[in-house]
Each structure stands twice: as structure tokens, then as C-alpha cells.
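Participant: mmCIF, C-alpha atoms and all ligand atoms, file start-v9.cif:
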data_data
#
loop_
_atom_site.label_atom_id
_atom_site.label_comp_id
_atom_site.auth_asym_id
_atom_site.auth_seq_id
_atom_site.Cartn_x
_atom_site.Cartn_y
_atom_site.Cartn_z
CA MET C 161 72.88 -33.29 -46.81
CA PRO C 162 72.13 -30.98 -49.72
CA ILE C 163 68.76 -31.41 -51.43
CA VAL C 164 69.36 -32.20 -55.09
CA THR C 165 66.55 -31.39 -57.54
CA PRO C 166 66.29 -30.60 -61.27
CA LEU C 167 66.46 -26.92 -60.23
CA THR C 168 69.71 -27.22 -58.29
CA LYS C 169 71.25 -29.27 -61.11
CA LEU C 170 70.13 -26.95 -63.90
CA LEU C 171 71.22 -23.76 -62.13
CA ASN C 172 74.23 -25.25 -60.33
CA ILE C 173 73.08 -24.04 -56.92
CA ARG C 174 73.16 -25.77 -53.50
CA VAL C 175 69.79 -24.79 -52.01
CA PRO C 176 66.61 -25.07 -54.14
CA VAL C 177 65.54 -21.50 -53.44
CA VAL C 178 65.24 -18.65 -55.95
CA GLN C 179 65.01 -15.01 -54.87
CA GLY C 180 62.31 -13.73 -57.20
CA GLY C 181 62.24 -10.35 -58.95
CA MET C 182 61.28 -7.49 -56.62
CA GLN C 183 61.01 -3.90 -57.75
CA TRP C 184 63.49 -1.68 -55.78
CA VAL C 185 64.71 -4.69 -53.77
CA GLY C 186 66.52 -6.98 -56.26
CA VAL C 187 69.83 -5.03 -56.24
CA PRO C 188 73.42 -6.35 -56.40
CA GLU C 189 74.00 -6.57 -52.61
CA LEU C 190 70.96 -8.77 -52.00
CA VAL C 191 71.38 -10.82 -55.18
CA ALA C 192 75.01 -11.61 -54.37
CA ALA C 193 74.15 -12.46 -50.76
CA VAL C 194 71.49 -14.96 -51.89
CA SER C 195 73.81 -16.56 -54.45
CA ASN C 196 76.71 -16.67 -51.96
CA ALA C 197 74.38 -18.39 -49.49
CA GLY C 198 73.66 -21.16 -52.01
CA GLY C 199 70.39 -19.99 -53.63
CA LEU C 200 69.82 -18.12 -56.88
CA GLY C 201 69.75 -14.32 -56.66
CA LEU C 202 67.96 -12.35 -59.38
CA LEU C 203 68.60 -8.71 -60.24
CA THR C 204 65.35 -6.88 -61.02
CA ALA C 205 66.03 -5.21 -64.36
CA LEU C 206 63.40 -2.45 -64.07
CA THR C 207 64.80 -1.29 -60.73
CA GLN C 208 67.69 0.10 -62.78
CA PRO C 209 66.78 3.37 -64.53
CA ASN C 210 68.02 2.19 -67.96
CA PRO C 211 69.82 -0.72 -69.66
CA ASP C 212 73.27 0.82 -69.11
CA ALA C 213 72.60 1.03 -65.39
CA LEU C 214 71.64 -2.66 -65.51
CA ARG C 215 75.04 -3.39 -67.08
CA GLU C 216 76.71 -1.66 -64.13
CA ALA C 217 74.52 -3.58 -61.65
CA ILE C 218 75.54 -6.87 -63.30
CA LYS C 219 79.23 -5.91 -63.09
CA LYS C 220 78.82 -4.94 -59.44
CA THR C 221 77.08 -8.23 -58.63
CA ARG C 222 79.96 -10.14 -60.26
CA LYS C 223 82.40 -8.36 -57.97
CA LEU C 224 80.34 -9.52 -54.96
CA THR C 225 79.85 -13.17 -55.95
CA ASP C 226 81.45 -15.78 -58.17
CA LYS C 227 78.26 -17.86 -58.01
CA ASN C 228 75.45 -17.99 -60.56
CA PHE C 229 72.84 -15.25 -60.52
CA GLY C 230 70.22 -14.06 -63.00
CA VAL C 231 68.06 -11.15 -64.12
CA ASN C 232 64.29 -10.69 -63.77
CA ILE C 233 62.30 -8.92 -66.48
CA THR C 234 58.65 -8.28 -65.60
CA LEU C 235 56.28 -7.41 -68.46
CA LEU C 236 53.28 -5.64 -66.90
CA PRO C 237 51.43 -2.35 -67.35
CA SER C 238 53.76 0.47 -66.40
CA ILE C 239 53.38 4.25 -66.03
CA ASN C 240 56.48 4.83 -68.20
CA PRO C 241 56.78 1.89 -70.61
CA PRO C 242 60.32 0.53 -70.11
CA ASP C 243 62.77 -0.41 -72.86
CA TYR C 244 62.34 -4.14 -72.18
CA GLU C 245 64.34 -5.19 -75.26
CA GLY C 246 67.19 -2.89 -74.25
CA TYR C 247 67.36 -4.42 -70.76
CA ALA C 248 67.26 -7.96 -72.19
CA ARG C 249 70.02 -7.21 -74.72
CA ALA C 250 72.22 -5.49 -72.14
CA ALA C 251 71.99 -8.43 -69.73
CA VAL C 252 72.77 -11.00 -72.42
CA GLU C 253 75.70 -8.89 -73.68
CA GLU C 254 77.03 -8.72 -70.11
CA GLY C 255 77.08 -12.52 -70.03
CA VAL C 256 73.99 -13.23 -67.90
CA ARG C 257 72.68 -16.70 -68.78
CA ILE C 258 69.78 -17.11 -66.34
CA PHE C 259 66.57 -15.08 -66.70
CA GLU C 260 63.26 -14.90 -64.90
CA THR C 261 60.46 -13.56 -67.08
CA ALA C 262 57.06 -12.67 -65.65
CA GLY C 263 53.90 -11.02 -66.91
CA ASN C 264 52.29 -10.73 -70.31
CA ASN C 265 53.46 -11.89 -73.75
CA PRO C 266 56.87 -13.32 -72.84
CA ALA C 267 57.25 -15.16 -76.21
CA PRO C 268 59.72 -12.77 -77.92
CA PHE C 269 61.85 -12.62 -74.76
CA ILE C 270 61.91 -16.38 -74.20
CA LYS C 271 62.87 -16.79 -77.88
CA PHE C 272 65.65 -14.20 -77.62
CA PHE C 273 67.07 -15.72 -74.43
CA LYS C 274 66.94 -19.26 -75.82
CA GLN C 275 68.69 -18.13 -79.03
CA ASN C 276 71.46 -16.86 -76.77
CA GLY C 277 71.86 -20.10 -74.84
CA CYS C 278 70.15 -18.89 -71.66
CA ILE C 279 68.08 -20.72 -69.05
CA VAL C 280 64.62 -19.17 -68.69
CA ILE C 281 62.42 -19.41 -65.62
CA HIS C 282 58.96 -18.10 -66.48
CA LYS C 283 56.67 -17.07 -63.65
CA CYS C 284 52.96 -17.58 -64.21
CA THR C 285 49.72 -17.82 -62.28
CA THR C 286 47.67 -20.27 -64.36
CA ILE C 287 48.29 -23.71 -65.84
CA ARG C 288 47.19 -22.39 -69.24
CA HIS C 289 49.97 -19.78 -69.19
CA ALA C 290 52.44 -22.33 -67.83
CA LYS C 291 51.75 -24.71 -70.72
CA ALA C 292 52.04 -21.86 -73.22
CA ALA C 293 55.43 -20.88 -71.75
CA GLU C 294 56.52 -24.53 -71.91
CA ARG C 295 55.69 -24.52 -75.64
CA MET C 296 57.63 -21.25 -76.04
CA GLY C 297 60.75 -22.99 -74.73
CA ALA C 298 60.95 -21.99 -71.06
CA ASP C 299 63.21 -24.31 -69.05
CA ILE C 300 61.59 -23.96 -65.64
CA LEU C 301 58.20 -22.61 -64.60
CA SER C 302 57.64 -20.63 -61.44
CA ILE C 303 54.07 -21.40 -60.42
CA ASP C 304 52.78 -18.39 -58.55
CA GLY C 305 49.83 -19.05 -56.24
CA PHE C 306 47.21 -16.63 -54.98
CA GLU C 307 49.27 -16.08 -51.79
CA CYS C 308 51.97 -14.18 -53.69
CA ALA C 309 53.06 -10.57 -53.37
CA GLY C 310 52.60 -8.36 -56.41
CA HIS C 311 50.54 -9.57 -59.35
CA PRO C 312 48.67 -12.89 -58.80
CA GLY C 313 46.60 -12.72 -62.01
CA GLU C 314 42.82 -12.72 -61.92
CA GLU C 315 41.92 -16.37 -61.30
CA ASP C 316 42.60 -16.64 -57.56
CA ILE C 317 43.89 -20.23 -57.47
CA GLY C 318 45.84 -21.04 -54.31
CA GLY C 319 49.21 -22.75 -54.40
CA LEU C 320 47.97 -26.15 -53.15
CA VAL C 321 45.71 -26.76 -56.12
CA LEU C 322 47.88 -24.92 -58.63
CA LEU C 323 50.96 -27.00 -57.79
CA GLU C 324 49.09 -30.29 -57.94
CA ARG C 325 47.67 -29.22 -61.31
CA ALA C 326 51.22 -28.36 -62.42
CA SER C 327 52.36 -31.87 -61.50
CA GLN C 328 49.56 -33.30 -63.65
CA GLU C 329 50.10 -31.09 -66.68
CA LEU C 330 53.71 -29.93 -67.00
CA LYS C 331 56.58 -31.78 -68.57
CA ILE C 332 59.39 -29.47 -67.46
CA PRO C 333 60.53 -28.74 -63.87
CA TYR C 334 58.67 -26.12 -61.88
CA ILE C 335 59.18 -24.25 -58.64
CA ALA C 336 56.55 -23.03 -56.22
CA SER C 337 56.03 -19.34 -55.63
CA GLY C 338 53.76 -17.42 -53.26
CA GLY C 339 53.58 -18.25 -49.56
CA PHE C 340 57.06 -19.70 -48.96
CA ALA C 341 59.41 -18.65 -46.18
CA ASP C 342 60.83 -21.77 -44.53
CA GLY C 343 61.96 -25.38 -44.89
CA GLN C 344 58.53 -26.81 -44.07
CA GLY C 345 57.14 -24.84 -47.03
CA LEU C 346 59.96 -26.09 -49.25
CA VAL C 347 59.23 -29.73 -48.38
CA SER C 348 55.50 -29.27 -48.94
CA ALA C 349 56.22 -27.74 -52.35
CA MET C 350 58.46 -30.69 -53.20
CA ALA C 351 55.70 -33.08 -52.08
CA LEU C 352 53.56 -31.41 -54.73
CA GLY C 353 56.18 -32.09 -57.37
CA ALA C 354 58.08 -28.79 -57.27
CA SER C 355 61.86 -28.68 -57.69
CA GLY C 356 62.22 -25.81 -55.24
CA VAL C 357 60.65 -22.54 -54.19
CA ASN C 358 60.72 -18.91 -55.16
CA MET C 359 60.71 -16.40 -52.28
CA GLY C 360 60.28 -12.62 -52.42
CA THR C 361 58.81 -11.12 -49.26
CA ARG C 362 61.00 -13.39 -47.08
CA PHE C 363 64.14 -11.95 -48.72
CA MET C 364 62.89 -8.37 -48.26
CA CYS C 365 63.29 -9.01 -44.56
CA THR C 366 66.97 -10.00 -44.48
CA VAL C 367 70.03 -8.07 -43.32
CA GLU C 368 71.27 -7.61 -46.91
CA SER C 369 67.91 -6.40 -48.29
CA PRO C 370 68.26 -2.72 -49.27
CA ILE C 371 65.01 -1.53 -47.67
CA HIS C 372 64.80 0.65 -44.54
CA GLN C 373 65.08 -1.13 -41.17
CA ASN C 374 61.64 0.24 -40.13
CA ILE C 375 60.00 -1.61 -43.01
CA LYS C 376 61.76 -4.84 -42.11
CA GLU C 377 60.55 -4.42 -38.54
CA LYS C 378 57.05 -3.65 -39.81
CA ILE C 379 57.10 -6.94 -41.75
CA VAL C 380 58.16 -8.84 -38.61
CA ALA C 381 55.36 -7.20 -36.60
CA SER C 382 52.68 -7.90 -39.23
CA THR C 383 50.35 -10.86 -39.67
CA GLU C 384 48.90 -12.79 -42.60
CA GLN C 385 45.94 -10.37 -42.46
CA ASP C 386 48.04 -7.34 -43.35
CA THR C 387 47.95 -7.47 -47.15
CA VAL C 388 45.27 -6.29 -49.56
CA HIS C 389 44.54 -6.53 -53.28
CA ILE C 390 44.51 -3.34 -55.31
CA PHE C 391 43.69 -2.97 -59.05
CA ARG C 392 41.09 -5.77 -58.90
CA THR C 393 38.71 -3.65 -60.93
CA LEU C 394 41.42 -2.85 -63.52
CA ARG C 395 42.27 -6.53 -64.05
CA ASN C 396 45.85 -5.85 -62.99
CA THR C 397 45.43 -7.14 -59.42
CA ALA C 398 48.38 -6.62 -57.08
CA ARG C 399 48.82 -7.82 -53.51
CA VAL C 400 50.41 -5.08 -51.43
CA PHE C 401 50.85 -4.17 -47.77
CA LYS C 402 47.61 -3.00 -46.16
CA ASN C 403 48.22 0.64 -45.24
CA LYS C 404 46.54 4.04 -45.55
CA VAL C 405 47.37 4.43 -49.24
CA SER C 406 46.39 0.94 -50.40
CA GLN C 407 43.13 1.12 -48.44
CA GLU C 408 42.36 4.46 -50.06
CA VAL C 409 42.94 2.85 -53.49
CA VAL C 410 40.52 0.05 -52.62
CA ARG C 411 37.96 2.60 -51.40
CA LEU C 412 38.18 4.51 -54.69
CA GLU C 413 37.85 1.31 -56.71
CA ARG C 414 34.78 0.22 -54.74
CA ARG C 415 32.79 3.40 -55.41
CA PRO C 416 29.77 2.76 -57.64
CA GLN C 417 31.52 4.54 -60.49
CA GLY C 418 34.78 2.62 -59.83
CA ALA C 419 38.14 4.25 -60.55
CA LYS C 420 40.15 4.90 -63.70
CA PHE C 421 43.89 4.26 -63.48
CA GLU C 422 44.48 8.00 -63.95
CA GLU C 423 42.68 8.66 -60.66
CA LEU C 424 44.91 6.17 -58.82
CA ARG C 425 48.21 6.93 -60.52
CA GLU C 426 49.51 9.42 -57.96
CA LEU C 427 48.71 7.06 -55.06
CA VAL C 428 50.11 3.86 -56.57
CA SER C 429 53.20 4.98 -58.49
CA GLY C 430 56.26 2.83 -58.00
CA ALA C 431 58.33 5.99 -57.53
CA ARG C 432 56.28 6.77 -54.40
CA GLY C 433 56.51 3.16 -53.22
CA ARG C 434 60.27 3.40 -53.49
CA VAL C 435 60.27 6.25 -50.96
CA VAL C 436 58.68 3.86 -48.42
CA TYR C 437 61.83 1.76 -48.60
CA GLU C 438 64.10 4.83 -48.46
CA ILE C 439 62.61 6.74 -45.54
CA GLY C 440 61.07 3.81 -43.66
CA ASP C 441 57.50 5.16 -43.48
CA PRO C 442 55.20 2.17 -44.18
CA ASP C 443 52.26 4.50 -44.92
CA TYR C 444 53.98 6.71 -47.51
CA GLY C 445 53.00 4.70 -50.59
CA VAL C 446 52.08 1.31 -51.98
CA TRP C 447 54.57 -1.55 -51.47
CA SER C 448 54.36 -5.25 -52.32
CA ALA C 449 54.00 -7.95 -49.64
CA GLY C 450 52.71 -11.52 -49.75
CA ILE C 451 50.49 -13.34 -47.24
CA VAL C 452 53.67 -15.07 -46.09
CA ILE C 453 54.31 -11.88 -44.12
CA GLY C 454 52.48 -13.76 -41.32
CA LEU C 455 55.33 -16.31 -41.14
CA ILE C 456 58.22 -13.85 -40.98
CA ARG C 457 59.45 -13.32 -37.43
CA ASP C 458 63.06 -12.19 -37.77
CA ILE C 459 65.67 -10.42 -39.90
CA PRO C 460 68.40 -12.98 -40.61
CA THR C 461 71.31 -12.74 -43.04
CA CYS C 462 70.70 -14.62 -46.30
CA GLU C 463 73.28 -17.17 -45.16
CA GLU C 464 71.43 -17.75 -41.87
CA LEU C 465 68.10 -17.94 -43.68
CA LEU C 466 69.14 -20.47 -46.30
CA SER C 467 71.07 -22.66 -43.81
CA ARG C 468 68.00 -22.65 -41.58
CA ILE C 469 65.76 -23.58 -44.50
CA GLU C 470 68.07 -26.49 -45.31
CA SER C 471 67.95 -27.84 -41.75
CA GLU C 472 64.20 -27.24 -41.41
CA ALA C 473 63.69 -29.14 -44.66
CA GLU C 474 65.83 -32.03 -43.41
CA ASN C 475 63.83 -32.15 -40.16
CA ALA C 476 60.53 -32.06 -42.05
CA ILE C 477 61.62 -34.93 -44.31
CA GLU C 478 62.76 -36.91 -41.27
CA ARG C 479 59.42 -36.31 -39.56
CA LEU C 480 57.57 -37.59 -42.62
CA ASN C 481 59.87 -40.61 -42.83
CA LYS C 482 59.11 -41.42 -39.19
CA LEU C 483 55.41 -41.42 -40.03
CA SER C 484 55.94 -44.14 -42.62
CA VAL C 485 58.18 -46.16 -40.26
CA ALA C 486 55.48 -45.91 -37.59
CA LYS C 487 52.92 -47.11 -40.12
CA ALA C 488 55.11 -50.06 -41.18
CA LYS C 489 55.31 -51.19 -37.52
CA LEU C 490 51.50 -51.28 -37.13
P1 LIG J 1 54.67 1.91 -62.04
O1 LIG J 1 54.98 3.12 -61.21
O2 LIG J 1 54.86 1.99 -63.50
O3 LIG J 1 53.13 1.47 -61.77
C1 LIG J 1 52.65 1.28 -60.43
C2 LIG J 1 51.64 0.17 -60.45
O4 LIG J 1 50.57 0.53 -61.32
C3 LIG J 1 52.17 -1.17 -60.99
O5 LIG J 1 51.61 -2.22 -60.23
C4 LIG J 1 51.66 -1.21 -62.42
O6 LIG J 1 51.47 -2.55 -62.88
C5 LIG J 1 50.35 -0.46 -62.30
N1 LIG J 1 49.98 0.20 -63.54
C6 LIG J 1 50.74 1.07 -64.26
N2 LIG J 1 50.05 1.51 -65.32
C7 LIG J 1 48.83 0.91 -65.28
C8 LIG J 1 47.66 0.97 -66.09
N3 LIG J 1 47.61 1.75 -67.17
N4 LIG J 1 46.60 0.20 -65.74
C9 LIG J 1 46.63 -0.58 -64.64
N5 LIG J 1 47.70 -0.66 -63.82
C10 LIG J 1 48.79 0.08 -64.13
O7 LIG J 1 55.41 0.63 -61.48
P2 LIG J 1 56.88 0.44 -60.90
O8 LIG J 1 56.77 0.14 -59.47
O9 LIG J 1 57.80 1.53 -61.36
O10 LIG J 1 57.31 -0.88 -61.62
C11 LIG J 1 57.57 -0.92 -63.02
C12 LIG J 1 57.00 -2.19 -63.58
O11 LIG J 1 57.53 -3.32 -62.85
C13 LIG J 1 55.49 -2.30 -63.47
O12 LIG J 1 55.02 -2.93 -64.62
C14 LIG J 1 55.28 -3.20 -62.28
O13 LIG J 1 54.05 -3.92 -62.35
C15 LIG J 1 56.45 -4.12 -62.40
N6 LIG J 1 56.79 -4.71 -61.11
C16 LIG J 1 57.72 -5.66 -61.11
C17 LIG J 1 58.03 -6.32 -59.95
C18 LIG J 1 59.01 -7.41 -59.98
O14 LIG J 1 59.01 -8.20 -59.08
N7 LIG J 1 59.87 -7.48 -60.95
C19 LIG J 1 57.45 -5.97 -58.76
C20 LIG J 1 56.54 -4.96 -58.76
C21 LIG J 1 56.22 -4.32 -59.96
#
When written as C-alpha cells, how does the structure in this file appear?
Facilitator:
Amino acid sequence: MPIVTPLTKLLNIRVPVVQGGMQWVGVPELVAAVSNAGGLGLLTALTQPNPDALREAIKKTRKLTDKNFGVNITLLPSINPPDYEGYARAAVEEGVRIFETAGNNPAPFIKFFKQNGCIVIHKCTTIRHAKAAERMGADILSIDGFECAGHPGEEDIGGLVLLERASQELKIPYIASGGFADGQGLVSAMALGASGVNMGTRFMCTVESPIHQNIKEKIVASTEQDTVHIFRTLRNTARVFKNKVSQEVVRLERRPQGAKFEELRELVSGARGRVVYEIGDPDYGVWSAGIVIGLIRDIPTCEELLSRIESEAENAIERLNKLSVAKAKL
């Protein structure tokens, strides 16, 4: 039986799972596969070199799915500041009506999307930011715990506490992000008041994900101890895969004199990280991965993954129901 939540109703999807924005990974083939499998796929705007290329990616995705999908726009420090407004305008003009915003100062973007009749999911890592985004008009919040890949903010609050705090403070629906890969996780998020989950790293390791097979296999072979935080000292913390390059970045940051971004730029650039996914060398550059890497043991299709999550969730709910029946019999 499908799980119906405010998220599935609002987005008109079958499975309460969103594929979050992922630089170099959120491309039409993966996005369409997620949406075809019943979740919500999101194209990562900045993966496209310019707004016109995003238009083409949107058109391509439409050819691959007739289901709803959206676009992610992440507003964070960047080596070459992107034309965020151009990407937002292009996506709206191409008819996209679901957006995920993430990062700093989303107000003008949320306003623009709402003026154009869009649904906005805003991803944030603190309750303060979540409440601000609620006031700005976001429709759904994506509450991103410390476990997440990429940028977790600077406050280090794990998902368990953050989600419970969200249930106490927020008026609009929210989904849980950071640490989710299966149906048990989905049910635990729903027990904490979430309307679904956001998954990134889990979708990197699917058949339709555009990254090199070696990297998918590396994810399968890794454990929850194989990620590391870089940029702690620059207050732009990012959780990435623990490899030669990320460990060198941490070493430079930990020197008594610390490290300026300029000294790290060559090591951390996204352009270099992209090569990891192209050539399949996990040590070539920095690439994002969440702690959930320790739960990923296979490379399914998106359809297999989401069907499995649905049945795992059903089993988990049944198990919990049995606990209350057992208690009633006491
Ligand atoms: P990039 O090559 O511009 O930068 C590489 C990394 O360095 C990023 O983590 C970036 O935040 C950080 N950085 C850049 N300038 C900085 C500065 N002056 N001080 C501190 N840190 C700095 O990044 P990219 O891989 O080409 O990605 C472009 C943008 O998309 C970045 O803002 C990045 O954070 C963001 N991003 C988005 C997603 C997503 O899921 N949508 C995932 C990863 C990165």
C-alpha cells in the first residue's frame, strides 16, 4: 500500500523520497529514473555550464519521464560565482514548478519561485534557518542533519534531535535529509514527524547514476568511517569521501597557521572532483559522500531501490504495530 504523506500529495508522487541536488550527479538520466520509479528527481542546476544548458537538460528530462521532477539551486561559496538568477529564470521559463533551494540567502529565490506559482523545498541545517525559510514562503523544508554529504552547516546537530525540534517548531511539512538509504530510515523519519526523506549518496550508487562504476563499487566497499569534514576552519564545512586529497586538505587546515582558501583551491575544485566521477579514480579529487555510505551495499536500479524502500517501510511499520499488539495483550 502506498504511503501517503503531505509530501506525496503536494508533489503528486507515489514514494515519499526526494533525490536531493548533487553536483555532477543530478543529470536528466538519473532524475527521470527517480521520478519514473515514483520519487521526485531533481536536476542540479549548477551541474549545467550555463542557464541555456539547463534548459536543454530540462527538455531532455521531459523526454525521459512524464512524471514530476524539479530543479535544485544551491547558493554557496563558489570558485566562479554562477548566474543563479539566470538558472532560476531559465527553469521557470521551461515550465519547471518544483524547486529545491539550499545554502545562503534564499529569500529572493523563494520569492521569485512563489511569484511564479512554484513549490519550493528549502534545505537547511538549523531550526532558525528553517523558521526563516517558512516565513519567506517555502512550502516544504528539508531538514539536513549532521550525517549529510556536502555542507552540513557549522552547528553539528544530528538528525534525531534536529527532526524532533522541527516537529516542535515548524508549521509546514518537512522531510528528513542526511543519513537515509532505506525503508527503516524512512519510517524512523516519519516517526519524528517528517513527511518523507531526501537521499543523495544512496542515489549516487544506482545503475542510472552517471558516475563511474569504480566509484559506485568504492561506495559499496566503504564504511560509515570513510567520510571526513573539510573547510571546518573556513566555516564552509563539507562532508566528503575520506581519500588522499581530502586528508591533505584537513592536514593543511590543521597547521598552526591554518589555510586560506587560495591554498586549498587547486585540491578542492569541483572541476577536479568531477574527474573522479569520469575516470573512476576515487583519489583524484574531492567528492561528496554522507555517513550513510556505511549502509549502502549494492547498486540497484532506481526502480528496485524505491520498491525495496516501500516494502521495507511496510515491514517496519508492521513490526512496530506488532509491538503495540503485544503490549495490549499483556
Ligand atoms: P567549486 O569548484 O566552486 O568549489 C569547490 C568547493 O570549494 C565547494 O565546496 C565550495 O563551496 C568551496 N568554496 C569555493 N569558494 C570558496 C571560498 N571562497 N571559501 C570557502 N569555500 C569555498 O564548486 P563546484 O563543485 O563547482 O560546485 C559549485 C557550487 O555548487 C559550489 O557552491 C558548491 O558548494 C555547490 N555544490 C552544490 C551541491 C548540490 O548538491 N547542489 C553539491 C556540492 C556542491
Participant: Report as a PyMOL selection string which protein, DNA and RNA residues come within 8 Å of ligand LIG 1 (chain J), using all atoms listed in the file.
Facilitator: chain C and resi 180-184+204-207+232-242+262+310-311+391+394-398+421-422+425+428-434+448
Participant: Take the residues just selected and output them with C-alpha atoms as a PDB file, in the frame of the given file.
Facilitator:
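Contents of again_26.pdb, as written:
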ATOM      1  CA  GLY C 180      62.310 -13.730 -57.200  1.00  0.00           C
ATOM      2  CA  GLY C 181      62.240 -10.350 -58.950  1.00  0.00           C
ATOM      3  CA  MET C 182      61.280  -7.490 -56.620  1.00  0.00           C
ATOM      4  CA  GLN C 183      61.010  -3.900 -57.750  1.00  0.00           C
ATOM      5  CA  TRP C 184      63.490  -1.680 -55.780  1.00  0.00           C
ATOM      6  CA  THR C 204      65.350  -6.880 -61.020  1.00  0.00           C
ATOM      7  CA  ALA C 205      66.030  -5.210 -64.360  1.00  0.00           C
ATOM      8  CA  LEU C 206      63.400  -2.450 -64.070  1.00  0.00           C
ATOM      9  CA  THR C 207      64.800  -1.290 -60.730  1.00  0.00           C
ATOM     10  CA  ASN C 232      64.290 -10.690 -63.770  1.00  0.00           C
ATOM     11  CA  ILE C 233      62.300  -8.920 -66.480  1.00  0.00           C
ATOM     12  CA  THR C 234      58.650  -8.280 -65.600  1.00  0.00           C
ATOM     13  CA  LEU C 235      56.280  -7.410 -68.460  1.00  0.00           C
ATOM     14  CA  LEU C 236      53.280  -5.640 -66.900  1.00  0.00           C
ATOM     15  CA  PRO C 237      51.430  -2.350 -67.350  1.00  0.00           C
ATOM     16  CA  SER C 238      53.760   0.470 -66.400  1.00  0.00           C
ATOM     17  CA  ILE C 239      53.380   4.250 -66.030  1.00  0.00           C
ATOM     18  CA  ASN C 240      56.480   4.830 -68.200  1.00  0.00           C
ATOM     19  CA  PRO C 241      56.780   1.890 -70.610  1.00  0.00           C
ATOM     20  CA  PRO C 242      60.320   0.530 -70.110  1.00  0.00           C
ATOM     21  CA  ALA C 262      57.060 -12.670 -65.650  1.00  0.00           C
ATOM     22  CA  GLY C 310      52.600  -8.360 -56.410  1.00  0.00           C
ATOM     23  CA  HIS C 311      50.540  -9.570 -59.350  1.00  0.00           C
ATOM     24  CA  PHE C 391      43.690  -2.970 -59.050  1.00  0.00           C
ATOM     25  CA  LEU C 394      41.420  -2.850 -63.520  1.00  0.00           C
ATOM     26  CA  ARG C 395      42.270  -6.530 -64.050  1.00  0.00           C
ATOM     27  CA  ASN C 396      45.850  -5.850 -62.990  1.00  0.00           C
ATOM     28  CA  THR C 397      45.430  -7.140 -59.420  1.00  0.00           C
ATOM     29  CA  ALA C 398      48.380  -6.620 -57.080  1.00  0.00           C
ATOM     30  CA  PHE C 421      43.890   4.260 -63.480  1.00  0.00           C
ATOM     31  CA  GLU C 422      44.480   8.000 -63.950  1.00  0.00           C
ATOM     32  CA  ARG C 425      48.210   6.930 -60.520  1.00  0.00           C
ATOM     33  CA  VAL C 428      50.110   3.860 -56.570  1.00  0.00           C
ATOM     34  CA  SER C 429      53.200   4.980 -58.490  1.00  0.00           C
ATOM     35  CA  GLY C 430      56.260   2.830 -58.000  1.00  0.00           C
ATOM     36  CA  ALA C 431      58.330   5.990 -57.530  1.00  0.00           C
ATOM     37  CA  ARG C 432      56.280   6.770 -54.400  1.00  0.00           C
ATOM     38  CA  GLY C 433      56.510   3.160 -53.220  1.00  0.00           C
ATOM     39  CA  ARG C 434      60.270   3.400 -53.490  1.00  0.00           C
ATOM     40  CA  SER C 448      54.360  -5.250 -52.320  1.00  0.00           C
TER      41      SER C 448
END
Participant: Could you please determine the separation between CA of Phe401 (chain C) and CA of Asn374 (chain C) in Å, to one decimal place?
Facilitator: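 Between these atoms lies a distance of 13.9 Å.
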Participant: In Å, rounded to a single decimal, give me how far CA of Ser302 (chain C) is from CA of Lys283 (chain C).
Facilitator: 4.3 Å
Participant: Identify which of the residues C:Gly440, C:Gly297, C:Gly246, C:Gly199 lies closest to Ala213 (chain C), counting all atoms listed in the file when measuring atom-to-atom distances.
Facilitator: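 Smallest separation from Ala213 (chain C) among the options: C:Gly246.
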Participant: Would you please work out which residue, of C:Thr366, C:Thr387, C:Thr361, C:Ser467, is nearest to Ala197 (chain C) when using all atoms listed in the file?
Facilitator: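 Closest candidate: C:Ser467.
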Participant: Residues at most 9 Å from Glu438 (chain C), counting only C-alpha atoms, excluding those fewer than 4 positions away in the same chain, as an mmCIF file with C-alpha atoms, in the frame of the given file?
Facilitator:
data_model
loop_
_atom_site.group_PDB
_atom_site.id
_atom_site.type_symbol
_atom_site.label_atom_id
_atom_site.label_comp_id
_atom_site.auth_asym_id
_atom_site.auth_seq_id
_atom_site.Cartn_x
_atom_site.Cartn_y
_atom_site.Cartn_z
ATOM 1 C CA PRO C 370 68.260 -2.720 -49.270
ATOM 2 C CA ILE C 371 65.010 -1.530 -47.670
ATOM 3 C CA HIS C 372 64.800 0.650 -44.540
ATOM 4 C CA ARG C 434 60.270 3.400 -53.490
#
Participant: For Phe259 (chain C), which of C:Asp299, C:Glu463, C:Glu408, C:Glu426 is the closest residue, counting all atoms listed in the file?
Facilitator: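 Counting all atoms listed in the file, the residue closest to Phe259 (chain C) is C:Asp299.
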